[in-house]
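What follows is a short report on a single structure.
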Amino acid sequence: MVDKAVRYGRSETYTVRAVNYKGDVMSGYVSAGSSTVYGVATPNITSLKNTSDGIKITWNKISGVSTYRVYYKNSSGEWRSFKTDVTGTAMTDTAVKQGRSETYTVRALDKNGNTISDYNHSGSTIVYQKP
């Protein structure tokens with residue numbers, strides 16, 4: 001069976017019992033169950049590169065994921081997402097300023113646009129220097 005009601009980061013505990021075709025219980029069960037936390041691997045930024053257009057951000061592909069949300073730290077140190085989610089594993093931040101330090105992180109999304117991964121809470125940082 002597949003539990004389609006799970007949400008990212010939530011711990012779920014499952015157990016199983018055997019029943020016959022009439023619905024009568026035919027076995028015991030492990031009362032402690034088996035627990036797991038739902039989510040996929042955390043995307044990691046693999047490259048930050050200064051380009052003439054801005055900072056190119058590249059991250060590793062997560063199996064089964066095609067859309068990602070890229071975040072940057074604002075001047076108050078809070079994570080903010082870019083307005084558009086990314087299909088693929090790279091994007092360029094074109095709103096950067098010469099000599100300014102920029103910090104980024106990435107999360108994986110499901111087909112409904114919900115985050116399904118954790119993120120690097122420290123982020124990856126680069127100072128923009130136009131080549």
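By convention here, the chains of the structure tokens are called A, B, ... in the order presented, each chain's residues are numbered starting at 1, and ligands are numbered starting at 1 in the order presented.
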Would you please give, as a ChimeraX atom specification, all residues of chain A that DSSP assigns to strand (DSSP E) based on the backbone?
/A:11-14,34-37,45-51,54-59,67-73,79-81,86-87,90-93,101-109,124-127
Ile57 of chain A environment, 9 Å, only C-alpha atoms, sequence neighbours closer than 4 positions dropped, as a list in words:
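That gives Ile45, Thr46, Ser47, Leu48, Lys49, Val70, Thr89, Ala90, Met91, Thr92, Asp93 and Tyr104 of chain A.
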Expected file: the selected residues, all heavy atoms, as a PDB file, in the first residue's frame:
ATOM      1  N   ILE A  45      24.049  22.558  -3.342  1.00  0.00           N
ATOM      2  CA  ILE A  45      24.639  23.417  -4.363  1.00  0.00           C
ATOM      3  C   ILE A  45      26.038  22.892  -4.666  1.00  0.00           C
ATOM      4  O   ILE A  45      26.833  22.663  -3.764  1.00  0.00           O
ATOM      5  CB  ILE A  45      24.662  24.882  -3.907  1.00  0.00           C
ATOM      6  CG1 ILE A  45      23.219  25.400  -3.839  1.00  0.00           C
ATOM      7  CG2 ILE A  45      25.524  25.739  -4.835  1.00  0.00           C
ATOM      8  CD1 ILE A  45      23.062  26.805  -3.312  1.00  0.00           C
ATOM      9  N   THR A  46      26.291  22.648  -5.950  1.00  0.00           N
ATOM     10  CA  THR A  46      27.585  22.103  -6.368  1.00  0.00           C
ATOM     11  C   THR A  46      28.491  23.171  -6.965  1.00  0.00           C
ATOM     12  O   THR A  46      29.697  22.964  -7.070  1.00  0.00           O
ATOM     13  CB  THR A  46      27.395  20.969  -7.390  1.00  0.00           C
ATOM     14  OG1 THR A  46      26.642  21.471  -8.510  1.00  0.00           O
ATOM     15  CG2 THR A  46      26.662  19.783  -6.768  1.00  0.00           C
ATOM     16  N   SER A  47      27.897  24.310  -7.371  1.00  0.00           N
ATOM     17  CA  SER A  47      28.708  25.351  -7.988  1.00  0.00           C
ATOM     18  C   SER A  47      28.005  26.702  -7.900  1.00  0.00           C
ATOM     19  O   SER A  47      26.798  26.792  -8.134  1.00  0.00           O
ATOM     20  CB  SER A  47      28.958  24.995  -9.453  1.00  0.00           C
ATOM     21  OG  SER A  47      29.573  26.061 -10.145  1.00  0.00           O
ATOM     22  N   LEU A  48      28.771  27.720  -7.560  1.00  0.00           N
ATOM     23  CA  LEU A  48      28.346  29.120  -7.683  1.00  0.00           C
ATOM     24  C   LEU A  48      29.385  29.780  -8.562  1.00  0.00           C
ATOM     25  O   LEU A  48      30.579  29.732  -8.258  1.00  0.00           O
ATOM     26  CB  LEU A  48      28.305  29.812  -6.312  1.00  0.00           C
ATOM     27  CG  LEU A  48      27.249  29.325  -5.332  1.00  0.00           C
ATOM     28  CD1 LEU A  48      27.425  30.020  -3.977  1.00  0.00           C
ATOM     29  CD2 LEU A  48      25.853  29.558  -5.860  1.00  0.00           C
ATOM     30  N   LYS A  49      28.945  30.364  -9.673  1.00  0.00           N
ATOM     31  CA  LYS A  49      29.906  30.907 -10.634  1.00  0.00           C
ATOM     32  C   LYS A  49      29.504  32.320 -11.048  1.00  0.00           C
ATOM     33  O   LYS A  49      28.349  32.567 -11.411  1.00  0.00           O
ATOM     34  CB  LYS A  49      29.955  29.996 -11.861  1.00  0.00           C
ATOM     35  CG  LYS A  49      30.951  30.420 -12.897  1.00  0.00           C
ATOM     36  CD  LYS A  49      31.000  29.456 -14.059  1.00  0.00           C
ATOM     37  CE  LYS A  49      32.009  29.934 -15.079  1.00  0.00           C
ATOM     38  NZ  LYS A  49      32.007  29.090 -16.263  1.00  0.00           N
ATOM     39  N   VAL A  70      14.664  27.732  -5.365  1.00  0.00           N
ATOM     40  CA  VAL A  70      15.932  28.320  -4.957  1.00  0.00           C
ATOM     41  C   VAL A  70      15.632  29.507  -4.041  1.00  0.00           C
ATOM     42  O   VAL A  70      14.728  30.301  -4.306  1.00  0.00           O
ATOM     43  CB  VAL A  70      16.752  28.778  -6.182  1.00  0.00           C
ATOM     44  CG1 VAL A  70      18.080  29.378  -5.750  1.00  0.00           C
ATOM     45  CG2 VAL A  70      16.972  27.607  -7.140  1.00  0.00           C
ATOM     46  N   THR A  89      18.494  21.768 -12.940  1.00  0.00           N
ATOM     47  CA  THR A  89      19.426  21.874 -11.816  1.00  0.00           C
ATOM     48  C   THR A  89      20.342  23.090 -11.894  1.00  0.00           C
ATOM     49  O   THR A  89      21.457  23.062 -11.375  1.00  0.00           O
ATOM     50  CB  THR A  89      20.277  20.595 -11.720  1.00  0.00           C
ATOM     51  OG1 THR A  89      20.982  20.423 -12.952  1.00  0.00           O
ATOM     52  CG2 THR A  89      19.437  19.377 -11.403  1.00  0.00           C
ATOM     53  N   ALA A  90      19.870  24.165 -12.505  1.00  0.00           N
ATOM     54  CA  ALA A  90      20.672  25.388 -12.555  1.00  0.00           C
ATOM     55  C   ALA A  90      19.778  26.587 -12.817  1.00  0.00           C
ATOM     56  O   ALA A  90      18.717  26.466 -13.434  1.00  0.00           O
ATOM     57  CB  ALA A  90      21.742  25.293 -13.639  1.00  0.00           C
ATOM     58  N   MET A  91      20.222  27.732 -12.317  1.00  0.00           N
ATOM     59  CA  MET A  91      19.571  29.011 -12.625  1.00  0.00           C
ATOM     60  C   MET A  91      20.604  30.114 -12.433  1.00  0.00           C
ATOM     61  O   MET A  91      21.634  29.897 -11.793  1.00  0.00           O
ATOM     62  CB  MET A  91      18.346  29.270 -11.750  1.00  0.00           C
ATOM     63  CG  MET A  91      18.665  29.585 -10.295  1.00  0.00           C
ATOM     64  SD  MET A  91      17.334  30.445  -9.412  1.00  0.00           S
ATOM     65  CE  MET A  91      17.521  32.108 -10.002  1.00  0.00           C
ATOM     66  N   THR A  92      20.313  31.293 -12.994  1.00  0.00           N
ATOM     67  CA  THR A  92      21.197  32.441 -12.825  1.00  0.00           C
ATOM     68  C   THR A  92      20.434  33.554 -12.126  1.00  0.00           C
ATOM     69  O   THR A  92      19.346  33.934 -12.554  1.00  0.00           O
ATOM     70  CB  THR A  92      21.740  32.933 -14.182  1.00  0.00           C
ATOM     71  OG1 THR A  92      22.469  31.854 -14.793  1.00  0.00           O
ATOM     72  CG2 THR A  92      22.654  34.132 -14.015  1.00  0.00           C
ATOM     73  N   ASP A  93      21.009  34.063 -11.035  1.00  0.00           N
ATOM     74  CA  ASP A  93      20.466  35.219 -10.329  1.00  0.00           C
ATOM     75  C   ASP A  93      20.995  36.454 -11.039  1.00  0.00           C
ATOM     76  O   ASP A  93      22.182  36.767 -10.954  1.00  0.00           O
ATOM     77  CB  ASP A  93      20.898  35.180  -8.860  1.00  0.00           C
ATOM     78  CG  ASP A  93      20.372  36.362  -8.056  1.00  0.00           C
ATOM     79  OD1 ASP A  93      19.667  37.225  -8.618  1.00  0.00           O
ATOM     80  OD2 ASP A  93      20.683  36.416  -6.851  1.00  0.00           O
ATOM     81  N   TYR A 104      22.836  31.279  -1.055  1.00  0.00           N
ATOM     82  CA  TYR A 104      21.743  30.539  -1.680  1.00  0.00           C
ATOM     83  C   TYR A 104      21.569  29.154  -1.055  1.00  0.00           C
ATOM     84  O   TYR A 104      22.517  28.583  -0.513  1.00  0.00           O
ATOM     85  CB  TYR A 104      22.025  30.340  -3.177  1.00  0.00           C
ATOM     86  CG  TYR A 104      22.260  31.615  -3.931  1.00  0.00           C
ATOM     87  CD1 TYR A 104      23.553  32.062  -4.179  1.00  0.00           C
ATOM     88  CD2 TYR A 104      21.196  32.372  -4.396  1.00  0.00           C
ATOM     89  CE1 TYR A 104      23.784  33.236  -4.874  1.00  0.00           C
ATOM     90  CE2 TYR A 104      21.416  33.555  -5.092  1.00  0.00           C
ATOM     91  CZ  TYR A 104      22.710  33.975  -5.326  1.00  0.00           C
ATOM     92  OH  TYR A 104      22.926  35.147  -6.010  1.00  0.00           O
TER      93      TYR A 104
END
Segment 113-119 of chain A environment, 6 Å, only C-alpha atoms, sequence neighbours closer than 5 positions dropped, as a ChimeraX atom specification
/A:8,39-40,42,106-108
How about saving the chosen residues, all heavy atoms kept, as a tab-separated table (two decimals), in the first residue's frame?
chain	number	residue	atom	x	y	z
A	8	TYR	N	5.82	16.18	4.24
A	8	TYR	CA	7.25	16.30	4.43
A	8	TYR	C	7.59	16.57	5.90
A	8	TYR	O	6.96	17.37	6.56
A	8	TYR	CB	7.83	17.43	3.57
A	8	TYR	CG	9.21	17.80	4.01
A	8	TYR	CD1	10.27	16.96	3.74
A	8	TYR	CD2	9.43	18.93	4.76
A	8	TYR	CE1	11.54	17.26	4.19
A	8	TYR	CE2	10.69	19.23	5.22
A	8	TYR	CZ	11.73	18.39	4.93
A	8	TYR	OH	12.98	18.68	5.39
A	39	GLY	N	10.40	12.22	3.13
A	39	GLY	CA	11.15	13.27	2.45
A	39	GLY	C	12.13	12.66	1.46
A	39	GLY	O	12.28	11.45	1.39
A	40	VAL	N	12.75	13.50	0.69
A	40	VAL	CA	13.77	13.05	-0.26
A	40	VAL	C	15.09	13.66	0.16
A	40	VAL	O	15.15	14.50	1.06
A	40	VAL	CB	13.42	13.45	-1.71
A	40	VAL	CG1	12.11	12.82	-2.16
A	40	VAL	CG2	13.36	14.96	-1.88
A	42	THR	N	18.36	15.95	0.37
A	42	THR	CA	18.50	17.41	0.31
A	42	THR	C	19.36	17.80	-0.89
A	42	THR	O	20.47	17.29	-1.04
A	42	THR	CB	19.17	17.93	1.60
A	42	THR	OG1	18.38	17.55	2.71
A	42	THR	CG2	19.33	19.43	1.57
A	106	VAL	N	18.71	25.43	-1.78
A	106	VAL	CA	17.73	24.83	-2.70
A	106	VAL	C	16.91	23.77	-1.97
A	106	VAL	O	17.43	23.05	-1.12
A	106	VAL	CB	18.44	24.16	-3.91
A	106	VAL	CG1	17.45	23.57	-4.89
A	106	VAL	CG2	19.35	25.16	-4.61
A	107	ARG	N	15.62	23.66	-2.35
A	107	ARG	CA	14.75	22.59	-1.85
A	107	ARG	C	14.08	21.91	-3.05
A	107	ARG	O	13.81	22.54	-4.06
A	107	ARG	CB	13.65	23.14	-0.95
A	107	ARG	CG	14.16	23.68	0.35
A	107	ARG	CD	13.05	24.13	1.22
A	107	ARG	NE	12.66	23.01	2.09
A	107	ARG	CZ	11.87	23.14	3.14
A	107	ARG	NH1	11.38	24.31	3.45
A	107	ARG	NH2	11.58	22.10	3.88
A	108	ALA	N	13.79	20.63	-2.90
A	108	ALA	CA	13.07	19.87	-3.92
A	108	ALA	C	11.57	20.04	-3.71
A	108	ALA	O	11.10	20.19	-2.58
A	108	ALA	CB	13.44	18.39	-3.84
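Neighbouring residues of Arg17 of chain A at 12 Å or closer, counting only C-alpha atoms and skipping chain neighbours under 4 positions away, are Gly23, Asp24, Val25, Met26, Ser27, Gly28, Tyr29, Val30, Ser31 and Gly33 of chain A.
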Write a file of the just-selected residues containing N, CA, C and O atoms, as a PDB file, in the first residue's frame.
ATOM      1  N   GLY A  23     -12.260 -10.971   6.940  1.00  0.00           N
ATOM      2  CA  GLY A  23     -11.895  -9.803   7.727  1.00  0.00           C
ATOM      3  C   GLY A  23     -11.544 -10.127   9.163  1.00  0.00           C
ATOM      4  O   GLY A  23     -11.341  -9.221   9.981  1.00  0.00           O
ATOM      5  N   ASP A  24     -11.462 -11.438   9.492  1.00  0.00           N
ATOM      6  CA  ASP A  24     -11.092 -11.853  10.845  1.00  0.00           C
ATOM      7  C   ASP A  24      -9.581 -11.717  11.023  1.00  0.00           C
ATOM      8  O   ASP A  24      -8.799 -12.108  10.158  1.00  0.00           O
ATOM      9  N   VAL A  25      -9.159 -11.166  12.175  1.00  0.00           N
ATOM     10  CA  VAL A  25      -7.740 -11.012  12.486  1.00  0.00           C
ATOM     11  C   VAL A  25      -7.124 -12.384  12.674  1.00  0.00           C
ATOM     12  O   VAL A  25      -7.629 -13.214  13.413  1.00  0.00           O
ATOM     13  N   MET A  26      -6.011 -12.642  11.977  1.00  0.00           N
ATOM     14  CA  MET A  26      -5.357 -13.950  11.996  1.00  0.00           C
ATOM     15  C   MET A  26      -3.939 -13.905  12.576  1.00  0.00           C
ATOM     16  O   MET A  26      -3.279 -14.925  12.627  1.00  0.00           O
ATOM     17  N   SER A  27      -3.486 -12.731  12.998  1.00  0.00           N
ATOM     18  CA  SER A  27      -2.120 -12.650  13.526  1.00  0.00           C
ATOM     19  C   SER A  27      -2.029 -11.541  14.555  1.00  0.00           C
ATOM     20  O   SER A  27      -2.911 -10.687  14.665  1.00  0.00           O
ATOM     21  N   GLY A  28      -0.908 -11.534  15.239  1.00  0.00           N
ATOM     22  CA  GLY A  28      -0.598 -10.428  16.125  1.00  0.00           C
ATOM     23  C   GLY A  28       0.032  -9.311  15.313  1.00  0.00           C
ATOM     24  O   GLY A  28       0.022  -9.347  14.078  1.00  0.00           O
ATOM     25  N   TYR A  29       0.582  -8.325  16.005  1.00  0.00           N
ATOM     26  CA  TYR A  29       1.260  -7.222  15.320  1.00  0.00           C
ATOM     27  C   TYR A  29       2.318  -6.651  16.253  1.00  0.00           C
ATOM     28  O   TYR A  29       2.295  -6.874  17.451  1.00  0.00           O
ATOM     29  N   VAL A  30       3.236  -5.924  15.687  1.00  0.00           N
ATOM     30  CA  VAL A  30       4.288  -5.281  16.470  1.00  0.00           C
ATOM     31  C   VAL A  30       3.723  -3.945  16.947  1.00  0.00           C
ATOM     32  O   VAL A  30       3.517  -3.035  16.136  1.00  0.00           O
ATOM     33  N   SER A  31       3.437  -3.850  18.235  1.00  0.00           N
ATOM     34  CA  SER A  31       2.771  -2.642  18.743  1.00  0.00           C
ATOM     35  C   SER A  31       3.617  -1.380  18.588  1.00  0.00           C
ATOM     36  O   SER A  31       3.066  -0.292  18.417  1.00  0.00           O
ATOM     37  N   GLY A  33       5.480  -0.764  16.080  1.00  0.00           N
ATOM     38  CA  GLY A  33       5.467  -0.427  14.665  1.00  0.00           C
ATOM     39  C   GLY A  33       6.850  -0.103  14.132  1.00  0.00           C
ATOM     40  O   GLY A  33       7.856  -0.287  14.796  1.00  0.00           O
TER      41      GLY A  33
END
Ranking A:Ile62, A:Gly88, A:Asn44, A:Thr94 by minimum distance to His121 of chain A and counting only C-alpha atoms, which one comes first?
A:Asn44
What is the atom CA of Pro43 of chain A to atom CA of Asn120 of chain A distance in Å?
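Interatomic distance here is 8.0 Å.
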Show which residues sit within 12 Å of Gly77 of chain A, as a list in words. Count only C-alpha atoms, and ignore same-chain residues fewer than 3 positions away.
Tyr71, Tyr72, Lys73, Asn74, Arg80, Ser101, Glu102, Thr103, Tyr104, His121, Ser122 and Gly123 of chain A
Ranking A:Asn50, A:Ser76, A:Asn112, A:Thr67 by minimum distance to Thr125 of chain A and counting only C-alpha atoms, which one comes first?
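Under the stated criterion, the closest residue is A:Asn50.
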Nearest residue to Ser34 of chain A from the set A:Trp79, A:Trp59, A:Tyr128, A:Tyr14 (distances using only C-alpha atoms):
A:Tyr14
Separation of atom CA of Ser81 of chain A and atom CA of Tyr68 of chain A, in Å?
10.5 Å
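Taking atom CA of Lys130 of chain A as the reference point, atom CA of Gln98 of chain A is found at 6.6 Å.
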